[in-house]
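As stored in target30.cif (mmCIF, C-alpha atoms, pLDDT in the B column; chains and numbers go by the auth columns):
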data_protein
loop_
_atom_site.group_PDB
_atom_site.id
_atom_site.type_symbol
_atom_site.label_atom_id
_atom_site.label_comp_id
_atom_site.label_asym_id
_atom_site.label_seq_id
_atom_site.Cartn_x
_atom_site.Cartn_y
_atom_site.Cartn_z
_atom_site.B_iso_or_equiv
_atom_site.auth_seq_id
_atom_site.auth_asym_id
ATOM 1 C CA MET A 1 -14.348 -11.399 5.264 50.00 926 A
ATOM 2 C CA ASP A 2 -11.062 -9.801 4.285 72.00 927 A
ATOM 3 C CA SER A 3 -11.251 -6.095 3.675 93.00 928 A
ATOM 4 C CA ILE A 4 -8.925 -4.327 1.271 96.00 929 A
ATOM 5 C CA ALA A 5 -8.030 -0.647 1.360 97.00 930 A
ATOM 6 C CA TYR A 6 -7.319 1.101 -1.943 98.00 931 A
ATOM 7 C CA LEU A 7 -5.123 4.198 -1.589 98.00 932 A
ATOM 8 C CA THR A 8 -4.925 6.170 -4.845 97.00 933 A
ATOM 9 C CA CYS A 9 -2.180 8.739 -5.241 97.00 934 A
ATOM 10 C CA ALA A 10 -3.450 12.066 -6.607 96.00 935 A
ATOM 11 C CA LEU A 11 -0.052 13.118 -7.973 96.00 936 A
ATOM 12 C CA GLY A 12 -0.650 11.609 -11.410 91.00 937 A
ATOM 13 C CA ILE A 13 2.694 9.798 -11.339 94.00 938 A
ATOM 14 C CA ASP A 14 3.183 6.083 -11.997 97.00 939 A
ATOM 15 C CA TYR A 15 4.645 4.112 -9.101 98.00 940 A
ATOM 16 C CA PRO A 16 5.092 6.909 -6.573 98.00 941 A
ATOM 17 C CA ALA A 17 6.976 6.221 -3.371 98.00 942 A
ATOM 18 C CA TRP A 18 4.462 5.227 -0.697 98.00 943 A
ATOM 19 C CA TYR A 19 5.012 5.718 3.032 97.00 944 A
ATOM 20 C CA GLY A 20 2.850 4.340 5.814 96.00 945 A
ATOM 21 C CA PRO A 21 2.743 3.375 9.473 91.00 946 A
ATOM 22 C CA SER A 22 5.310 0.897 10.703 84.00 947 A
ATOM 23 C CA ASP A 23 5.165 -1.403 13.707 75.00 948 A
ATOM 24 C CA THR A 24 6.750 1.415 15.726 76.00 949 A
ATOM 25 C CA GLY A 25 4.144 3.950 14.559 69.00 950 A
ATOM 26 C CA ALA A 26 6.568 6.100 12.553 79.00 951 A
ATOM 27 C CA LEU A 27 6.193 6.521 8.785 88.00 952 A
ATOM 28 C CA SER A 28 8.228 3.967 6.856 94.00 953 A
ATOM 29 C CA LEU A 29 8.992 3.662 3.158 96.00 954 A
ATOM 30 C CA TYR A 30 6.622 1.043 1.698 97.00 955 A
ATOM 31 C CA THR A 31 7.476 1.204 -2.021 96.00 956 A
ATOM 32 C CA HIS A 32 10.314 2.626 -4.055 96.00 957 A
ATOM 33 C CA PHE A 33 9.641 5.469 -6.488 97.00 958 A
ATOM 34 C CA GLY A 34 9.454 4.565 -10.166 96.00 959 A
ATOM 35 C CA THR A 35 9.679 0.804 -9.722 96.00 960 A
ATOM 36 C CA GLY A 36 6.855 -0.118 -7.371 94.00 961 A
ATOM 37 C CA GLN A 37 9.143 -2.539 -5.576 97.00 962 A
ATOM 38 C CA LEU A 38 8.330 -3.136 -1.938 96.00 963 A
ATOM 39 C CA ASN A 39 10.787 -2.139 0.768 96.00 964 A
ATOM 40 C CA THR A 40 12.079 -5.499 1.978 95.00 965 A
ATOM 41 C CA ASN A 41 13.027 -3.974 5.348 93.00 966 A
ATOM 42 C CA LEU A 42 9.350 -3.805 6.357 92.00 967 A
ATOM 43 C CA SER A 43 7.887 -6.336 8.769 90.00 968 A
ATOM 44 C CA LEU A 44 6.638 -9.556 7.212 92.00 969 A
ATOM 45 C CA ASP A 45 3.089 -8.684 8.308 90.00 970 A
ATOM 46 C CA ILE A 46 3.122 -5.443 6.318 91.00 971 A
ATOM 47 C CA LEU A 47 4.949 -6.921 3.303 93.00 972 A
ATOM 48 C CA GLN A 48 2.444 -9.748 2.918 94.00 973 A
ATOM 49 C CA ARG A 49 -0.507 -7.357 2.856 95.00 974 A
ATOM 50 C CA LEU A 50 0.778 -4.726 0.367 97.00 975 A
ATOM 51 C CA GLY A 51 0.170 -4.760 -3.367 97.00 976 A
ATOM 52 C CA TRP A 52 -0.771 -2.659 -6.368 97.00 977 A
ATOM 53 C CA ALA A 53 -4.231 -2.295 -7.930 97.00 978 A
ATOM 54 C CA ASP A 54 -2.690 -0.222 -10.724 97.00 979 A
ATOM 55 C CA LYS A 55 0.363 2.024 -11.181 97.00 980 A
ATOM 56 C CA ARG A 56 -0.956 4.655 -8.744 97.00 981 A
ATOM 57 C CA THR A 57 -3.096 2.711 -6.285 98.00 982 A
ATOM 58 C CA LEU A 58 -1.571 0.878 -3.341 98.00 983 A
ATOM 59 C CA THR A 59 -3.646 -1.913 -1.827 98.00 984 A
ATOM 60 C CA ILE A 60 -3.574 -3.102 1.765 97.00 985 A
ATOM 61 C CA ALA A 61 -5.158 -6.516 2.314 96.00 986 A
ATOM 62 C CA SER A 62 -6.609 -7.765 5.589 95.00 987 A
ATOM 63 C CA VAL A 63 -7.031 -4.246 6.943 94.00 988 A
ATOM 64 C CA ASN A 64 -6.950 -4.149 10.741 90.00 989 A
ATOM 65 C CA THR A 65 -6.400 -1.566 13.468 88.00 990 A
ATOM 66 C CA LYS A 66 -2.632 -1.647 12.776 87.00 991 A
ATOM 67 C CA SER A 67 -3.469 -0.303 9.289 91.00 992 A
ATOM 68 C CA ASP A 68 -4.985 2.836 10.817 92.00 993 A
ATOM 69 C CA GLY A 69 -2.918 5.951 10.221 93.00 994 A
ATOM 70 C CA LEU A 70 -1.372 8.396 7.806 95.00 995 A
ATOM 71 C CA TYR A 71 -0.163 7.314 4.377 97.00 996 A
ATOM 72 C CA GLU A 72 1.542 9.455 1.802 97.00 997 A
ATOM 73 C CA CYS A 73 2.701 9.123 -1.752 98.00 998 A
ATOM 74 C CA SER A 74 5.473 11.251 -3.165 97.00 999 A
ATOM 75 C CA ALA A 75 7.793 11.733 -6.089 95.00 1000 A
ATOM 76 C CA PRO A 76 10.901 13.852 -6.586 94.00 1001 A
ATOM 77 C CA HIS A 77 10.208 17.586 -6.951 93.00 1002 A
ATOM 78 C CA THR A 78 6.556 17.329 -5.853 93.00 1003 A
ATOM 79 C CA SER A 79 4.650 17.872 -2.637 94.00 1004 A
ATOM 80 C CA ALA A 80 3.487 14.695 -0.936 95.00 1005 A
ATOM 81 C CA HIS A 81 -0.159 13.643 -1.139 96.00 1006 A
ATOM 82 C CA ARG A 82 -1.462 12.444 2.243 97.00 1007 A
ATOM 83 C CA ILE A 83 -4.298 10.060 2.974 96.00 1008 A
ATOM 84 C CA ARG A 84 -5.649 9.261 6.434 97.00 1009 A
ATOM 85 C CA LEU A 85 -6.942 5.688 6.733 96.00 1010 A
ATOM 86 C CA VAL A 86 -9.317 5.267 9.651 95.00 1011 A
ATOM 87 C CA VAL A 87 -10.074 1.720 10.770 92.00 1012 A
ATOM 88 C CA TRP A 88 -12.994 1.188 13.125 87.00 1013 A
ATOM 89 C CA GLY A 89 -13.121 -1.815 15.354 73.00 1014 A
#
Can the structure from this file be put into C-alpha coordinates for me?
Amino acid sequence: MDSIAYLTCALGIDYPAWYGPSDTGALSLYTHFGTGQLNTNLSLDILQRLGWADKRTLTIASVNTKSDGLYECSAPHTSAHRIRLVVWG
(Lines of atoms letter the chains of each structure in order from A and count residues from 1; the text may use other names and numbers.)
(Lines give C-alpha, C1' and ligand atoms only; values in the text may rest on other atoms or scores of the structure.)
Protein backbone atom coordinates (compact mmCIF):
# COMPACT_ATOMS: atom_id res chain seq x y z
CA MET A 1 0.00 0.00 0.00
CA ASP A 2 1.39 3.38 -0.98
CA SER A 3 1.18 5.99 1.71
CA ILE A 4 0.88 9.68 0.92
CA ALA A 5 1.88 12.53 3.22
CA TYR A 6 -0.11 15.76 3.02
CA LEU A 7 1.82 18.82 4.23
CA THR A 8 -0.42 21.89 4.50
CA CYS A 9 1.21 25.30 4.75
CA ALA A 10 -0.30 27.45 7.52
CA LEU A 11 0.80 30.74 5.93
CA GLY A 12 -2.42 31.20 3.97
CA ILE A 13 -0.52 31.85 0.74
CA ASP A 14 -1.12 30.05 -2.56
CA TYR A 15 1.85 28.09 -3.89
CA PRO A 16 4.40 28.85 -1.18
CA ALA A 17 7.99 27.80 -1.67
CA TRP A 18 8.46 24.37 -0.10
CA TYR A 19 11.78 23.08 1.22
CA GLY A 20 12.51 19.54 2.34
CA PRO A 21 15.23 16.96 2.91
CA SER A 22 17.51 16.15 0.02
CA ASP A 23 19.55 13.02 -0.62
CA THR A 24 22.39 14.70 1.29
CA GLY A 25 20.14 15.49 4.28
CA ALA A 26 20.26 19.28 3.85
CA LEU A 27 17.11 21.29 3.11
CA SER A 28 16.57 21.76 -0.62
CA LEU A 29 14.09 23.90 -2.53
CA TYR A 30 11.23 21.63 -3.66
CA THR A 31 8.85 24.13 -5.28
CA HIS A 32 9.12 27.69 -6.50
CA PHE A 33 7.09 30.41 -4.80
CA GLY A 34 3.99 31.62 -6.62
CA THR A 35 4.09 29.07 -9.43
CA GLY A 36 4.12 25.68 -7.73
CA GLN A 37 6.68 24.46 -10.24
CA LEU A 38 8.99 21.74 -9.00
CA ASN A 39 12.71 22.36 -8.72
CA THR A 40 14.11 20.28 -11.57
CA ASN A 41 17.49 20.06 -9.82
CA LEU A 42 16.06 17.59 -7.27
CA SER A 43 16.81 13.89 -7.54
CA LEU A 44 14.50 11.90 -9.79
CA ASP A 45 13.29 9.92 -6.76
CA ILE A 46 12.07 13.07 -5.01
CA LEU A 47 10.66 14.69 -8.17
CA GLN A 48 8.55 11.65 -9.02
CA ARG A 49 6.95 11.59 -5.58
CA LEU A 50 6.04 15.30 -5.16
CA GLY A 51 2.73 16.87 -6.11
CA TRP A 52 0.01 19.26 -5.01
CA ALA A 53 -3.29 18.37 -3.31
CA ASP A 54 -4.34 22.02 -3.56
CA LYS A 55 -2.61 25.42 -3.75
CA ARG A 56 -1.22 25.14 -0.20
CA THR A 57 -0.79 21.41 0.38
CA LEU A 58 2.27 19.55 -0.87
CA THR A 59 1.91 15.80 -1.29
CA ILE A 60 4.66 13.21 -1.01
CA ALA A 61 3.77 9.82 -2.50
CA SER A 62 5.34 6.51 -1.52
CA VAL A 63 6.51 7.86 1.83
CA ASN A 64 9.56 6.01 3.14
CA THR A 65 12.30 6.59 5.70
CA LYS A 66 14.04 8.99 3.28
CA SER A 67 10.93 11.20 3.58
CA ASP A 68 11.53 11.61 7.32
CA GLY A 69 12.64 15.09 8.30
CA LEU A 70 11.93 18.79 8.45
CA TYR A 71 9.85 20.53 5.80
CA GLU A 72 9.09 24.20 5.58
CA CYS A 73 6.96 26.47 3.47
CA SER A 74 7.76 30.13 3.03
CA ALA A 75 6.92 33.24 1.10
CA PRO A 76 8.63 36.61 0.77
CA HIS A 77 8.31 38.84 3.85
CA THR A 78 6.92 36.07 6.09
CA SER A 79 8.35 33.70 8.66
CA ALA A 80 8.65 30.10 7.50
CA HIS A 81 6.17 27.49 8.70
CA ARG A 82 7.91 24.24 9.67
CA ILE A 83 6.51 20.73 9.72
CA ARG A 84 8.33 17.67 11.05
CA LEU A 85 7.42 14.47 9.19
CA VAL A 86 8.22 11.37 11.20
CA VAL A 87 8.28 8.06 9.34
CA TRP A 88 8.30 4.87 11.38
CA GLY A 89 9.67 1.70 9.94
Where is the centre and how long are the edges: axis-aligned box on segment 978-987 of chain A, 3 Å on each side, Å to one decimal, as lines of an AutoDock Vina configuration file:
center_x = -3.1
center_y = -1.6
center_z = -2.8
size_x = 13.0
size_y = 18.4
size_z = 22.8
Task: Matched chain/residue IDs from the PyMOL selection byres ((chain A and resi 941) around 10), as a PyMOL selection string - done: chain A and resi 934-940+942-944+956-961+980-983+997-1001+1005
Go ahead and save the picked residues with C-alpha atoms, as a JSON list (two decimals), keeping the file's coordinate frame.
[["chain", "number", "residue", "atom", "x", "y", "z"],
["A", 934, "CYS", "CA", -2.18, 8.74, -5.24],
["A", 935, "ALA", "CA", -3.45, 12.07, -6.61],
["A", 936, "LEU", "CA", -0.05, 13.12, -7.97],
["A", 937, "GLY", "CA", -0.65, 11.61, -11.41],
["A", 938, "ILE", "CA", 2.69, 9.80, -11.34],
["A", 939, "ASP", "CA", 3.18, 6.08, -12.00],
["A", 940, "TYR", "CA", 4.64, 4.11, -9.10],
["A", 942, "ALA", "CA", 6.98, 6.22, -3.37],
["A", 943, "TRP", "CA", 4.46, 5.23, -0.70],
["A", 944, "TYR", "CA", 5.01, 5.72, 3.03],
["A", 956, "THR", "CA", 7.48, 1.20, -2.02],
["A", 957, "HIS", "CA", 10.31, 2.63, -4.06],
["A", 958, "PHE", "CA", 9.64, 5.47, -6.49],
["A", 959, "GLY", "CA", 9.45, 4.57, -10.17],
["A", 960, "THR", "CA", 9.68, 0.80, -9.72],
["A", 961, "GLY", "CA", 6.86, -0.12, -7.37],
["A", 980, "LYS", "CA", 0.36, 2.02, -11.18],
["A", 981, "ARG", "CA", -0.96, 4.66, -8.74],
["A", 982, "THR", "CA", -3.10, 2.71, -6.28],
["A", 983, "LEU", "CA", -1.57, 0.88, -3.34],
["A", 997, "GLU", "CA", 1.54, 9.46, 1.80],
["A", 998, "CYS", "CA", 2.70, 9.12, -1.75],
["A", 999, "SER", "CA", 5.47, 11.25, -3.16],
["A", 1000, "ALA", "CA", 7.79, 11.73, -6.09],
["A", 1001, "PRO", "CA", 10.90, 13.85, -6.59],
["A", 1005, "ALA", "CA", 3.49, 14.70, -0.94]]
TODO: Given the file shown, enumerate the residues that the PyMOL selection byres ((chain A and resi 931) around 12) captures and present them as a PyMOL selection string.
DONE: chain A and resi 928-930+932-934+974-979+981-988+992+996+1008-1010
TODO: Return the single residue from A:Ser947, A:Gln962, A:Asp927, A:Tyr955 that is closest to Gly994 of chain A, with distances computed using only C-alpha atoms.
DONE: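 Closest to Gly994 of chain A, using only C-alpha atoms: A:Ser947.
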- [ ] Using atom CA of Thr990 of chain A and atom CA of Thr965 of chain A as the two end points, give the distance in Å to one decimal.
- [x] 22.1 Å
Task: Gap from atom CA of His1006 of chain A to atom CA of Leu969 of chain A - Å, one decimal - done: 25.6 Å
Open item on the list: Just the number, please: distance in Å from atom CA of Thr949 of chain A to atom CA of His1002 of chain A, one decimal.
Closed with: 28.1 Å
Open item on the list: Here is a test: counting only C-alpha atoms, which residue of A:Asn966, A:Val1012, A:Pro946, A:Leu972 is nearest to Leu995 of chain A?
Closed with: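 The answer is A:Pro946, which sits nearest to Leu995 of chain A.
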